[in-house]
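Here the structure comes first, spelled out in structure tokens, and everything after it is commentary.
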Amino acid sequence: MKLFKNILTIVALIALIVCDLLLWINAYVDGKYLIEPFQNSQIDETYYMRIESLSIAMFVNLGIIIVLFIIMIYRKLREKSNNEQ
């Protein structure tokens, strides 16, 4: 891979991480100001359980993307070194 593609991919991954973090924080803030004022503990508990499970799934997905990116770069570097020999 060319250096430009690597840099562009890293910038895209950083943007994805920032968007994921903003979505996660926004969900908790929404719960704080939209769900908690009703003072219904069942709704609060259910809401925060859903947010936790979705955030775990989101961060696992993000981790898989990062691992696949690292594997892709490693393979390209290995192929490049094999071609030079």
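As shown in the structure tokens, the chain order sets the letters A, B, ...; within each chain, residues go from 1, and ligands are also counted from 1 in the order they appear.
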So which residues of chain A fall under alpha helix (DSSP H) by DSSP, listed as a count of residues only?
72
Taking a cut-off of 8 Å and counting only C-alpha atoms, can you build a table that, for each residue of stretch 51-73 of chain A near stretch 8-27 of chain A, reports the nearest atom pair and how far apart they are in Å (one decimal), sorted by chain then residue number, as a tab-separated table?
```
residue	atom	partner	partner_atom	distance
A:Ile51	CA	A:Ala27	CA	7.1
A:Ser55	CA	A:Trp24	CA	6.5
A:Met58	CA	A:Asp20	CA	7.5
A:Leu62	CA	A:Ile17	CA	7.5
A:Ile66	CA	A:Leu13	CA	7.7
```
Could you check the closest approach to A:Tyr28 for each of A:Tyr48, A:Asn61, A:Glu79, A:Asn40 and tell me which residue wins, using only C-alpha atoms?
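Residue with the minimum atom-to-atom distance to A:Tyr28: A:Tyr48.
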Which neighbours of A:Tyr47 fall inside 12 Å, counting only C-alpha atoms, when residues of the same chain fewer than 3 positions from it are skipped, and could you give them as a PyMOL selection string?
chain A and resi 27-32+34-36+40-44+50-54
Keeping only C-alpha atoms, take the residues you just selected and write them out as an mmCIF file, in the first residue's frame.
```
data_model
loop_
_atom_site.group_PDB
_atom_site.id
_atom_site.type_symbol
_atom_site.label_atom_id
_atom_site.label_comp_id
_atom_site.auth_asym_id
_atom_site.auth_seq_id
_atom_site.Cartn_x
_atom_site.Cartn_y
_atom_site.Cartn_z
ATOM 1 C CA ALA A 27 -26.651 8.320 24.329
ATOM 2 C CA TYR A 28 -25.746 8.720 27.996
ATOM 3 C CA VAL A 29 -26.518 12.456 27.933
ATOM 4 C CA ASP A 30 -29.885 11.767 26.299
ATOM 5 C CA GLY A 31 -30.655 9.312 29.071
ATOM 6 C CA LYS A 32 -29.675 11.829 31.695
ATOM 7 C CA LEU A 34 -34.748 12.659 28.624
ATOM 8 C CA ILE A 35 -35.237 9.459 30.632
ATOM 9 C CA GLU A 36 -34.228 10.205 34.219
ATOM 10 C CA ASN A 40 -39.250 5.583 36.615
ATOM 11 C CA SER A 41 -36.535 3.216 37.779
ATOM 12 C CA GLN A 42 -37.638 0.394 35.448
ATOM 13 C CA ILE A 43 -37.262 2.600 32.372
ATOM 14 C CA ASP A 44 -33.928 3.966 33.632
ATOM 15 C CA ARG A 50 -29.520 -1.269 26.334
ATOM 16 C CA ILE A 51 -26.920 1.479 26.068
ATOM 17 C CA GLU A 52 -24.292 -0.710 27.733
ATOM 18 C CA SER A 53 -24.967 -3.673 25.468
ATOM 19 C CA LEU A 54 -24.962 -1.535 22.325
#
```
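For the pair atom CA of A:Arg78 and atom CA of A:Ile65, the separation is 19.9 Å.
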Atom CA of A:Ser81 to atom CA of A:Gly63: how many Å, to one decimal?
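Calculated distance between atom CA of A:Ser81 and atom CA of A:Gly63 is 27.1 Å.
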Would you compute the distance between atom CA of A:Val67 and atom CA of A:Lys80? Give it in Å to one decimal.
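Distance between the two atoms: 20.0 Å.
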